[in-house]
Amino acid sequence: MYPVIDAYACGIPCRIEVTHYQPATAHGWYEEGDYEDADWIVLDRRGRRAEWLERKLQANREELERVHGEVLNACRRADYSDY
């Protein structure tokens with residue numbers, strides 16, 4: 001199971017549920033198609049999907065990139081490379 005992360009998005013407390021994680025390559029160089037990425041959804045603190053907050057994030061590219069970075073860091077720490 002992927003991590004669920006306690007976070008703030010646009011200053012609002014929320015949870016981020018990772019739905020897919022692709023780690024970077026272990027061999028130190030990149031081939032076409034090799035990159036680190038994660039898919040995730042935003043939940044409220046009760047665990048319900050917060051589509052309104054996802055839209056707010058989509059409108060703020062800098063905040064979206066910050067949250068995405070937090071997601072990638074959490075996945076690296078959890079070492080979900082087998083998924």
# chains A, B, ... in the order shown; residues from 1 in each chain; ligands from 1
$ residues_around --residues "Cys10 of chain A" --least-positions-apart "5" --cutoff "12 Å" --atoms "only C-alpha atoms" --output "list in words"
Val42, Trp52, Leu53, Glu54, Arg55, Lys56, Leu57, Gln58, Ala59, Asn60, Arg61, Glu62, Glu63, Leu64, Glu65, Arg66 and Val67 of chain A
$ write_last_selection --atoms "C-alpha atoms" --output "short mmCIF file (atom, residue, chain, number, x, y, z; two decimals), in the first residue's frame"
data_model
loop_
_atom_site.label_atom_id
_atom_site.label_comp_id
_atom_site.auth_asym_id
_atom_site.auth_seq_id
_atom_site.Cartn_x
_atom_site.Cartn_y
_atom_site.Cartn_z
CA VAL A 42 -6.18 15.17 -2.21
CA TRP A 52 -12.36 21.48 -4.66
CA LEU A 53 -8.88 21.57 -3.11
CA GLU A 54 -7.41 19.68 -6.08
CA ARG A 55 -8.82 22.40 -8.37
CA LYS A 56 -7.35 25.07 -6.11
CA LEU A 57 -3.95 23.35 -6.37
CA GLN A 58 -4.22 23.10 -10.17
CA ALA A 59 -4.67 26.87 -10.29
CA ASN A 60 -1.46 27.47 -8.31
CA ARG A 61 1.43 25.81 -10.16
CA GLU A 62 4.06 26.68 -7.53
CA GLU A 63 1.99 25.16 -4.72
CA LEU A 64 1.19 22.11 -6.85
CA GLU A 65 4.90 21.50 -7.48
CA ARG A 66 5.69 21.92 -3.77
CA VAL A 67 3.07 19.34 -2.76
#
$ select_by_dssp --residues "chain A" --states "alpha helix (DSSP H)" --output "NGL selection string"
:A and (51-58 or 61-78)
$ write_last_selection --atoms "C-alpha atoms" --output "PDB file, in the first residue's frame"
ATOM      1  CA  GLU A  51     -11.853  17.788  -5.450  1.00  0.00           C
ATOM      2  CA  TRP A  52     -12.360  21.482  -4.656  1.00  0.00           C
ATOM      3  CA  LEU A  53      -8.880  21.568  -3.107  1.00  0.00           C
ATOM      4  CA  GLU A  54      -7.412  19.682  -6.079  1.00  0.00           C
ATOM      5  CA  ARG A  55      -8.825  22.405  -8.368  1.00  0.00           C
ATOM      6  CA  LYS A  56      -7.345  25.073  -6.113  1.00  0.00           C
ATOM      7  CA  LEU A  57      -3.946  23.355  -6.372  1.00  0.00           C
ATOM      8  CA  GLN A  58      -4.216  23.098 -10.168  1.00  0.00           C
ATOM      9  CA  ARG A  61       1.431  25.814 -10.158  1.00  0.00           C
ATOM     10  CA  GLU A  62       4.056  26.678  -7.527  1.00  0.00           C
ATOM     11  CA  GLU A  63       1.989  25.164  -4.716  1.00  0.00           C
ATOM     12  CA  LEU A  64       1.195  22.106  -6.854  1.00  0.00           C
ATOM     13  CA  GLU A  65       4.904  21.499  -7.480  1.00  0.00           C
ATOM     14  CA  ARG A  66       5.691  21.919  -3.765  1.00  0.00           C
ATOM     15  CA  VAL A  67       3.069  19.338  -2.764  1.00  0.00           C
ATOM     16  CA  HIS A  68       4.222  16.973  -5.524  1.00  0.00           C
ATOM     17  CA  GLY A  69       7.779  17.263  -4.161  1.00  0.00           C
ATOM     18  CA  GLU A  70       6.526  16.330  -0.688  1.00  0.00           C
ATOM     19  CA  VAL A  71       4.779  13.300  -2.172  1.00  0.00           C
ATOM     20  CA  LEU A  72       7.944  12.156  -3.969  1.00  0.00           C
ATOM     21  CA  ASN A  73      10.011  12.609  -0.784  1.00  0.00           C
ATOM     22  CA  ALA A  74       7.521  10.540   1.238  1.00  0.00           C
ATOM     23  CA  CYS A  75       7.578   7.771  -1.374  1.00  0.00           C
ATOM     24  CA  ARG A  76      11.391   7.732  -1.384  1.00  0.00           C
ATOM     25  CA  ARG A  77      11.470   7.443   2.400  1.00  0.00           C
ATOM     26  CA  ALA A  78       8.911   4.627   2.303  1.00  0.00           C
TER      27      ALA A  78
END
$ residues_around --residues "Ala38 of chain A" --least-positions-apart "5" --cutoff "7 Å" --atoms "only C-alpha atoms" --output "JSON, numbers by chain"
{"A": [18, 20, 21, 22, 72]}
$ atom_distance --atom1 "atom CA of Ile5 of chain A" --atom2 "atom CA of Pro23 of chain A"
17.4 Å
$ residues_around --residues "Thr19 of chain A" --least-positions-apart "2" --cutoff "7 Å" --atoms "only C-alpha atoms" --output "mmCIF file with N, CA, C and O atoms, in the first residue's frame"
data_model
loop_
_atom_site.group_PDB
_atom_site.id
_atom_site.type_symbol
_atom_site.label_atom_id
_atom_site.label_comp_id
_atom_site.auth_asym_id
_atom_site.auth_seq_id
_atom_site.Cartn_x
_atom_site.Cartn_y
_atom_site.Cartn_z
ATOM 1 N N TYR A 2 0.468 2.222 -0.739
ATOM 2 C CA TYR A 2 1.206 3.477 -0.813
ATOM 3 C C TYR A 2 0.911 4.346 0.412
ATOM 4 O O TYR A 2 -0.119 4.172 1.067
ATOM 5 N N GLU A 17 -3.253 11.077 -0.738
ATOM 6 C CA GLU A 17 -3.209 9.630 -0.934
ATOM 7 C C GLU A 17 -2.472 9.324 -2.234
ATOM 8 O O GLU A 17 -2.897 9.742 -3.313
ATOM 9 N N ASP A 39 1.399 9.571 -8.785
ATOM 10 C CA ASP A 39 0.028 10.048 -8.948
ATOM 11 C C ASP A 39 -0.589 10.072 -7.563
ATOM 12 O O ASP A 39 -0.329 9.186 -6.736
ATOM 13 N N TRP A 40 -1.421 11.056 -7.319
ATOM 14 C CA TRP A 40 -2.001 11.201 -5.994
ATOM 15 C C TRP A 40 -3.295 11.987 -6.066
ATOM 16 O O TRP A 40 -3.577 12.661 -7.054
#
$ closest_residue --among "A:Ala9, A:Met1, A:Ala24, A:Cys14" --to "Arg49 of chain A" --atoms "only C-alpha atoms"
A:Cys14
$ select_by_dssp --residues "chain A" --states "strand (DSSP E)" --output "ChimeraX atom specification"
/A:4-9,12-22,37-43
$ atom_distance --atom1 "atom CA of Ile16 of chain A" --atom2 "atom CA of Leu43 of chain A"
5.9 Å
$ decode --residues "segment 38-49 of chain A" --atoms "all heavy atoms" --output "mmCIF file, in the first residue's frame"
data_model
loop_
_atom_site.group_PDB
_atom_site.id
_atom_site.type_symbol
_atom_site.label_atom_id
_atom_site.label_comp_id
_atom_site.auth_asym_id
_atom_site.auth_seq_id
_atom_site.Cartn_x
_atom_site.Cartn_y
_atom_site.Cartn_z
ATOM 1 N N ALA A 38 4.808 10.297 -9.369
ATOM 2 C CA ALA A 38 3.763 9.767 -8.499
ATOM 3 C C ALA A 38 2.423 10.370 -8.908
ATOM 4 O O ALA A 38 2.361 11.521 -9.331
ATOM 5 C CB ALA A 38 4.062 10.104 -7.043
ATOM 6 N N ASP A 39 1.399 9.571 -8.785
ATOM 7 C CA ASP A 39 0.028 10.048 -8.948
ATOM 8 C C ASP A 39 -0.589 10.072 -7.563
ATOM 9 O O ASP A 39 -0.329 9.186 -6.736
ATOM 10 C CB ASP A 39 -0.772 9.114 -9.859
ATOM 11 C CG ASP A 39 -0.238 9.079 -11.282
ATOM 12 O OD1 ASP A 39 0.201 10.135 -11.769
ATOM 13 O OD2 ASP A 39 -0.256 8.001 -11.893
ATOM 14 N N TRP A 40 -1.421 11.056 -7.319
ATOM 15 C CA TRP A 40 -2.001 11.201 -5.994
ATOM 16 C C TRP A 40 -3.295 11.987 -6.066
ATOM 17 O O TRP A 40 -3.577 12.661 -7.054
ATOM 18 C CB TRP A 40 -1.020 11.865 -5.041
ATOM 19 C CG TRP A 40 -0.300 13.070 -5.593
ATOM 20 C CD1 TRP A 40 0.863 13.061 -6.317
ATOM 21 C CD2 TRP A 40 -0.689 14.438 -5.494
ATOM 22 N NE1 TRP A 40 1.220 14.353 -6.650
ATOM 23 C CE2 TRP A 40 0.283 15.223 -6.160
ATOM 24 C CE3 TRP A 40 -1.762 15.099 -4.901
ATOM 25 C CZ2 TRP A 40 0.220 16.614 -6.242
ATOM 26 C CZ3 TRP A 40 -1.825 16.489 -4.984
ATOM 27 C CH2 TRP A 40 -0.843 17.219 -5.644
ATOM 28 N N ILE A 41 -4.093 11.852 -5.003
ATOM 29 C CA ILE A 41 -5.328 12.614 -4.877
ATOM 30 C C ILE A 41 -5.327 13.322 -3.525
ATOM 31 O O ILE A 41 -4.643 12.903 -2.590
ATOM 32 C CB ILE A 41 -6.584 11.725 -5.023
ATOM 33 C CG1 ILE A 41 -6.605 10.606 -3.980
ATOM 34 C CG2 ILE A 41 -6.677 11.161 -6.432
ATOM 35 C CD1 ILE A 41 -7.882 9.789 -3.982
ATOM 36 N N VAL A 42 -6.088 14.380 -3.445
ATOM 37 C CA VAL A 42 -6.178 15.168 -2.215
ATOM 38 C C VAL A 42 -7.424 14.731 -1.449
ATOM 39 O O VAL A 42 -8.514 14.609 -2.025
ATOM 40 C CB VAL A 42 -6.250 16.681 -2.526
ATOM 41 C CG1 VAL A 42 -6.356 17.484 -1.245
ATOM 42 C CG2 VAL A 42 -5.031 17.118 -3.327
ATOM 43 N N LEU A 43 -7.249 14.506 -0.158
ATOM 44 C CA LEU A 43 -8.343 14.146 0.734
ATOM 45 C C LEU A 43 -8.476 15.208 1.816
ATOM 46 O O LEU A 43 -7.500 15.878 2.163
ATOM 47 C CB LEU A 43 -8.054 12.800 1.412
ATOM 48 C CG LEU A 43 -7.678 11.622 0.522
ATOM 49 C CD1 LEU A 43 -7.261 10.432 1.380
ATOM 50 C CD2 LEU A 43 -8.821 11.259 -0.396
ATOM 51 N N ASP A 44 -9.681 15.334 2.361
ATOM 52 C CA ASP A 44 -9.807 16.193 3.539
ATOM 53 C C ASP A 44 -9.260 15.412 4.734
ATOM 54 O O ASP A 44 -8.821 14.264 4.603
ATOM 55 C CB ASP A 44 -11.252 16.667 3.729
ATOM 56 C CG ASP A 44 -12.243 15.559 4.035
ATOM 57 O OD1 ASP A 44 -11.834 14.434 4.393
ATOM 58 O OD2 ASP A 44 -13.455 15.809 3.907
ATOM 59 N N ARG A 45 -9.274 15.999 5.888
ATOM 60 C CA ARG A 45 -8.668 15.337 7.049
ATOM 61 C C ARG A 45 -9.475 14.134 7.526
ATOM 62 O O ARG A 45 -8.984 13.333 8.298
ATOM 63 C CB ARG A 45 -8.459 16.336 8.178
ATOM 64 C CG ARG A 45 -7.414 17.362 7.793
ATOM 65 C CD ARG A 45 -6.897 18.173 8.915
ATOM 66 N NE ARG A 45 -7.930 18.877 9.651
ATOM 67 C CZ ARG A 45 -7.709 19.638 10.703
ATOM 68 N NH1 ARG A 45 -6.485 19.804 11.127
ATOM 69 N NH2 ARG A 45 -8.694 20.236 11.308
ATOM 70 N N ARG A 46 -10.711 13.993 7.042
ATOM 71 C CA ARG A 46 -11.522 12.828 7.381
ATOM 72 C C ARG A 46 -11.347 11.689 6.372
ATOM 73 O O ARG A 46 -11.952 10.647 6.500
ATOM 74 C CB ARG A 46 -12.991 13.213 7.446
ATOM 75 C CG ARG A 46 -13.280 14.164 8.563
ATOM 76 C CD ARG A 46 -14.708 14.579 8.505
ATOM 77 N NE ARG A 46 -15.294 14.542 9.823
ATOM 78 C CZ ARG A 46 -16.546 14.785 10.069
ATOM 79 N NH1 ARG A 46 -17.374 15.069 9.079
ATOM 80 N NH2 ARG A 46 -17.003 14.763 11.299
ATOM 81 N N GLY A 47 -10.546 11.924 5.340
ATOM 82 C CA GLY A 47 -10.293 10.889 4.361
ATOM 83 C C GLY A 47 -11.204 10.908 3.147
ATOM 84 O O GLY A 47 -11.163 9.998 2.327
ATOM 85 N N ARG A 48 -12.023 11.955 3.001
ATOM 86 C CA ARG A 48 -12.899 12.087 1.839
ATOM 87 C C ARG A 48 -12.189 12.872 0.747
ATOM 88 O O ARG A 48 -11.447 13.805 1.039
ATOM 89 C CB ARG A 48 -14.192 12.813 2.213
ATOM 90 C CG ARG A 48 -15.007 12.063 3.265
ATOM 91 C CD ARG A 48 -16.168 12.881 3.697
ATOM 92 N NE ARG A 48 -15.659 14.112 4.307
ATOM 93 C CZ ARG A 48 -16.348 14.893 5.114
ATOM 94 N NH1 ARG A 48 -17.583 14.602 5.427
ATOM 95 N NH2 ARG A 48 -15.805 15.993 5.624
ATOM 96 N N ARG A 49 -12.431 12.511 -0.488
ATOM 97 C CA ARG A 49 -11.799 13.210 -1.607
ATOM 98 C C ARG A 49 -12.200 14.680 -1.597
ATOM 99 O O ARG A 49 -13.369 15.019 -1.437
ATOM 100 C CB ARG A 49 -12.199 12.574 -2.932
ATOM 101 C CG ARG A 49 -11.439 13.195 -4.082
ATOM 102 C CD ARG A 49 -11.114 12.214 -5.118
ATOM 103 N NE ARG A 49 -10.248 12.795 -6.122
ATOM 104 C CZ ARG A 49 -10.080 12.282 -7.308
ATOM 105 N NH1 ARG A 49 -10.721 11.185 -7.638
ATOM 106 N NH2 ARG A 49 -9.260 12.844 -8.159
#
